[in-house]
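Here is the structure we will look at, set down as structure tokens.
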Amino acid sequence: MISVQQINKSFGQKHVLKDVSLDIPEGETLAIIGRSGSGKSVLMKHIIGLMQPDSGRVFVDGVNINDISYAELRRVRQHFGVLFQGGALFDSMNSFENVAFPLRTFTSMNESEVRNVVQECLSMVELEDVGLKMPSELSGGMQKRVALARAVALRPRYILYDEPTSGLDPETSNTIDELIKNLANQLNVTSIVVTHDMHSVLNIADRAAFIYEGRMHWTGTMDELHKSKDEILTAFVTANEYKIGV
């Protein structure tokens, strides 16, 4: 379980996160939604310890990650897989080498074991035959799928997705959504999806958390989202559904 407790974060005079609290139960797929600049990605970076709060605490499986050594934090991070917005593949490595990277860095697997895990992960994202291809030879959607294969290579307990469908066409976005759902079930992971794509949210999420002007404005299930009378939330959802033609 992940528990964010009264997080505050400022950059200069800009107060980005304001007393944000959020609990994410094991096995849940949570969508963190909000306008651009609302603090979604900053919150995600706090969850994995890439940023330290000005005040407040983040607990991962009962461990306060703001009060441990860097070596201990690295061990906690090995329970996380991250799909960055742009995929963040290493341009100088082919797809196989990209997926193998965390295995070679953080485990003592021999090359035969690495090969088996890499092939299994590429199969999970339906890209069994791209191991020898360089990132530049792949479409944007395929790059994100290889990056997702890399994110699950260490069999994480948590997967963080930063705008996973950003810049993708509707068909490819649907493919990514289906992979997120399939991996959540197949690997029994907790998924945290930072997005403003309401079509994706309605397709994949068990629950949504809406950040507005740096505060946790609303949380609830998809059914509660549909029934909500909150004017600020409704305006956000309606505007985004209109943009994507839902």
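Residue numbering restarts at 1 for every chain of the structure tokens, chains are lettered A, B, ... in their displayed order, and ligands are numbered from 1 as they appear.
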
(request) Using DSSP on the backbone coordinates, identify all residues within segment 10-246 of chain A classified as strand (DSSP E or B); present the result as a ChimeraX atom specification. (result) /A:10-11,14-24,29-33,55-60,63-64,80-83,158-162,190-194,207-212,215-221

Just N, CA and C atoms for this one: save the residues we selected as a compact mmCIF listing (two decimals), in the first residue's frame.
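After the write, out.txt holds the following:
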```txt
# COMPACT_ATOMS: atom_id res chain seq x y z
N SER A 10 6.76 23.34 -2.90
CA SER A 10 6.83 24.62 -3.60
C SER A 10 8.12 24.69 -4.41
N PHE A 11 8.04 25.43 -5.52
CA PHE A 11 9.22 25.76 -6.31
C PHE A 11 9.29 27.29 -6.36
N LYS A 14 6.00 29.41 -6.20
CA LYS A 14 4.87 28.64 -6.71
C LYS A 14 4.60 27.44 -5.80
N HIS A 15 3.46 27.41 -5.16
CA HIS A 15 3.05 26.31 -4.28
C HIS A 15 2.33 25.27 -5.14
N VAL A 16 3.02 24.18 -5.48
CA VAL A 16 2.50 23.22 -6.45
C VAL A 16 1.59 22.19 -5.81
N LEU A 17 2.01 21.61 -4.69
CA LEU A 17 1.17 20.65 -3.95
C LEU A 17 0.83 21.24 -2.59
N LYS A 18 -0.45 21.19 -2.25
CA LYS A 18 -0.94 21.85 -1.05
C LYS A 18 -1.66 20.84 -0.16
N ASP A 19 -0.96 20.33 0.83
CA ASP A 19 -1.55 19.46 1.84
C ASP A 19 -2.25 18.25 1.19
N VAL A 20 -1.57 17.61 0.25
CA VAL A 20 -2.15 16.50 -0.52
C VAL A 20 -2.01 15.18 0.25
N SER A 21 -3.13 14.48 0.43
CA SER A 21 -3.15 13.16 1.06
C SER A 21 -3.87 12.19 0.14
N LEU A 22 -3.37 10.95 0.10
CA LEU A 22 -3.96 9.95 -0.79
C LEU A 22 -3.48 8.56 -0.37
N ASP A 23 -4.42 7.62 -0.24
CA ASP A 23 -4.08 6.23 0.01
C ASP A 23 -4.37 5.41 -1.25
N ILE A 24 -3.42 4.53 -1.61
CA ILE A 24 -3.57 3.70 -2.80
C ILE A 24 -3.46 2.24 -2.36
N THR A 29 -6.00 0.06 -9.61
CA THR A 29 -5.54 0.92 -10.69
C THR A 29 -6.15 2.30 -10.45
N LEU A 30 -5.28 3.24 -10.09
CA LEU A 30 -5.70 4.59 -9.75
C LEU A 30 -5.26 5.56 -10.84
N ALA A 31 -6.18 6.39 -11.31
CA ALA A 31 -5.84 7.45 -12.25
C ALA A 31 -5.75 8.77 -11.49
N ILE A 32 -4.61 9.45 -11.62
CA ILE A 32 -4.45 10.80 -11.06
C ILE A 32 -4.70 11.77 -12.20
N ILE A 33 -5.78 12.56 -12.07
CA ILE A 33 -6.21 13.42 -13.17
C ILE A 33 -6.15 14.88 -12.74
N SER A 55 7.04 19.44 3.29
CA SER A 55 6.48 18.87 4.52
C SER A 55 5.55 17.73 4.12
N GLY A 56 5.27 16.85 5.08
CA GLY A 56 4.45 15.68 4.78
C GLY A 56 5.31 14.44 4.60
N ARG A 57 4.65 13.29 4.39
CA ARG A 57 5.36 12.02 4.32
C ARG A 57 4.74 11.11 3.26
N VAL A 58 5.56 10.22 2.70
CA VAL A 58 5.10 9.19 1.79
C VAL A 58 5.53 7.83 2.34
N PHE A 59 4.57 6.94 2.51
CA PHE A 59 4.85 5.59 2.99
C PHE A 59 4.62 4.59 1.87
N VAL A 60 5.58 3.70 1.66
CA VAL A 60 5.45 2.59 0.72
C VAL A 60 5.60 1.31 1.51
N VAL A 63 6.93 1.85 4.93
CA VAL A 63 8.24 2.49 5.07
C VAL A 63 8.12 3.97 4.68
N ASN A 64 8.54 4.86 5.56
CA ASN A 64 8.58 6.29 5.26
C ASN A 64 9.78 6.56 4.36
N PHE A 80 9.18 -0.74 -7.93
CA PHE A 80 8.43 0.11 -8.86
C PHE A 80 8.91 -0.11 -10.29
N GLY A 81 7.96 -0.11 -11.20
CA GLY A 81 8.26 0.03 -12.62
C GLY A 81 7.68 1.36 -13.08
N VAL A 82 8.37 2.07 -13.96
CA VAL A 82 7.91 3.38 -14.40
C VAL A 82 7.88 3.44 -15.93
N LEU A 83 6.74 3.84 -16.47
CA LEU A 83 6.64 4.14 -17.89
C LEU A 83 6.61 5.66 -18.03
N TYR A 158 4.46 -2.22 -8.04
CA TYR A 158 3.78 -1.00 -8.44
C TYR A 158 4.28 -0.58 -9.82
N ILE A 159 3.37 -0.12 -10.67
CA ILE A 159 3.76 0.46 -11.96
C ILE A 159 3.20 1.87 -12.03
N LEU A 160 4.08 2.84 -12.30
CA LEU A 160 3.68 4.23 -12.48
C LEU A 160 3.69 4.57 -13.96
N TYR A 161 2.61 5.13 -14.43
CA TYR A 161 2.48 5.52 -15.84
C TYR A 161 2.32 7.04 -15.91
N ASP A 162 3.25 7.70 -16.60
CA ASP A 162 3.19 9.15 -16.75
C ASP A 162 2.67 9.48 -18.14
N THR A 190 -0.18 -2.96 -8.48
CA THR A 190 -0.88 -1.71 -8.24
C THR A 190 -0.44 -0.73 -9.31
N SER A 191 -1.39 -0.13 -10.01
CA SER A 191 -1.07 0.76 -11.12
C SER A 191 -1.51 2.18 -10.80
N ILE A 192 -0.61 3.14 -11.04
CA ILE A 192 -0.90 4.56 -10.82
C ILE A 192 -0.68 5.27 -12.15
N VAL A 193 -1.74 5.81 -12.71
CA VAL A 193 -1.71 6.38 -14.05
C VAL A 193 -1.95 7.88 -13.97
N VAL A 194 -0.93 8.68 -14.30
CA VAL A 194 -1.05 10.13 -14.35
C VAL A 194 -1.48 10.51 -15.76
N ARG A 207 -10.40 3.70 -9.73
CA ARG A 207 -10.69 4.91 -8.95
C ARG A 207 -9.89 6.06 -9.54
N ALA A 208 -10.38 7.28 -9.36
CA ALA A 208 -9.68 8.47 -9.84
C ALA A 208 -9.45 9.42 -8.68
N ALA A 209 -8.33 10.16 -8.77
CA ALA A 209 -8.01 11.21 -7.81
C ALA A 209 -7.79 12.49 -8.61
N PHE A 210 -8.59 13.51 -8.35
CA PHE A 210 -8.59 14.75 -9.13
C PHE A 210 -7.87 15.84 -8.36
N ILE A 211 -6.76 16.32 -8.93
CA ILE A 211 -6.01 17.42 -8.34
C ILE A 211 -6.44 18.72 -9.01
N TYR A 212 -6.76 19.70 -8.19
CA TYR A 212 -7.19 21.00 -8.72
C TYR A 212 -6.46 22.09 -7.94
N ARG A 215 -4.40 20.98 -4.93
CA ARG A 215 -5.06 20.27 -3.82
C ARG A 215 -5.76 19.01 -4.33
N MET A 216 -5.89 18.03 -3.44
CA MET A 216 -6.65 16.84 -3.77
C MET A 216 -8.13 17.19 -3.65
N HIS A 217 -8.74 17.49 -4.77
CA HIS A 217 -10.09 18.04 -4.78
C HIS A 217 -11.17 16.97 -4.64
N TRP A 218 -10.91 15.78 -5.23
CA TRP A 218 -11.95 14.74 -5.26
C TRP A 218 -11.29 13.39 -5.49
N THR A 219 -11.80 12.35 -4.84
CA THR A 219 -11.42 10.97 -5.15
C THR A 219 -12.69 10.12 -5.16
N GLY A 220 -12.69 9.10 -6.01
CA GLY A 220 -13.85 8.21 -6.05
C GLY A 220 -13.73 7.18 -7.14
N THR A 221 -14.70 6.27 -7.16
CA THR A 221 -14.74 5.22 -8.17
C THR A 221 -15.28 5.78 -9.49
```

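Taking only C-alpha atoms into account, Gln85 of chain A lies nearest to A:Leu148 out of the set A:Ala239, A:Leu225, A:Leu187, A:Leu148.
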
(request) Enumerate the residues of segment 2-239 of chain A with a DSSP assignment of alpha helix (DSSP H), computed from the backbone, and present them as a ChimeraX atom specification. (result) /A:40-47,70-77,95-106,111-124,140-151,170-187,198-204,222-227,231-239

(request) Find the residues around segment 176-182 of chain A up to 10 Å (only C-alpha atoms counted), leave out those fewer than 6 positions away in its own chain, and share them as a PyMOL selection string. (result) chain A and resi 29+124-126+141-142+144-145+148+159+161+164-165+168+170+188+191+193+199-201+203-205

Preceding selection exported with C-alpha atoms as a PDB file, in the first residue's frame:
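Once everything was written out, this is selection.pdb:
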```
ATOM      1  CA  THR A  29      -5.545   0.924 -10.693  1.00  0.00           C
ATOM      2  CA  MET A 124       3.535  -9.461 -22.607  1.00  0.00           C
ATOM      3  CA  VAL A 125       3.452  -6.283 -24.705  1.00  0.00           C
ATOM      4  CA  GLU A 126       2.941  -8.250 -27.947  1.00  0.00           C
ATOM      5  CA  GLY A 141       3.484   3.376 -29.694  1.00  0.00           C
ATOM      6  CA  MET A 142       5.960   0.529 -30.092  1.00  0.00           C
ATOM      7  CA  LYS A 144       6.169   2.883 -25.266  1.00  0.00           C
ATOM      8  CA  ARG A 145       5.406  -0.836 -25.350  1.00  0.00           C
ATOM      9  CA  LEU A 148       6.580  -0.974 -20.622  1.00  0.00           C
ATOM     10  CA  ILE A 159       3.764   0.460 -11.955  1.00  0.00           C
ATOM     11  CA  TYR A 161       2.478   5.518 -15.836  1.00  0.00           C
ATOM     12  CA  PRO A 164       0.972   6.792 -21.199  1.00  0.00           C
ATOM     13  CA  THR A 165      -1.268   7.702 -24.146  1.00  0.00           C
ATOM     14  CA  LEU A 168      -0.631   8.552 -29.604  1.00  0.00           C
ATOM     15  CA  PRO A 170      -6.749   6.616 -30.713  1.00  0.00           C
ATOM     16  CA  ASN A 188      -1.344  -8.449  -9.823  1.00  0.00           C
ATOM     17  CA  SER A 191      -1.074   0.764 -11.125  1.00  0.00           C
ATOM     18  CA  VAL A 193      -1.709   6.382 -14.048  1.00  0.00           C
ATOM     19  CA  HIS A 199     -11.216   8.076 -22.294  1.00  0.00           C
ATOM     20  CA  SER A 200      -8.275   6.152 -20.862  1.00  0.00           C
ATOM     21  CA  VAL A 201      -9.378   6.827 -17.276  1.00  0.00           C
ATOM     22  CA  ASN A 203     -11.393   2.438 -19.654  1.00  0.00           C
ATOM     23  CA  ILE A 204      -8.769   1.328 -17.145  1.00  0.00           C
ATOM     24  CA  ALA A 205      -9.219   2.874 -13.696  1.00  0.00           C
TER      25      ALA A 205
END
```

(request) Between atom CA of Ser228 of chain A and atom CA of Asn240 of chain A, measure the distance and give it in Å to one decimal. (result) 15.8 Å
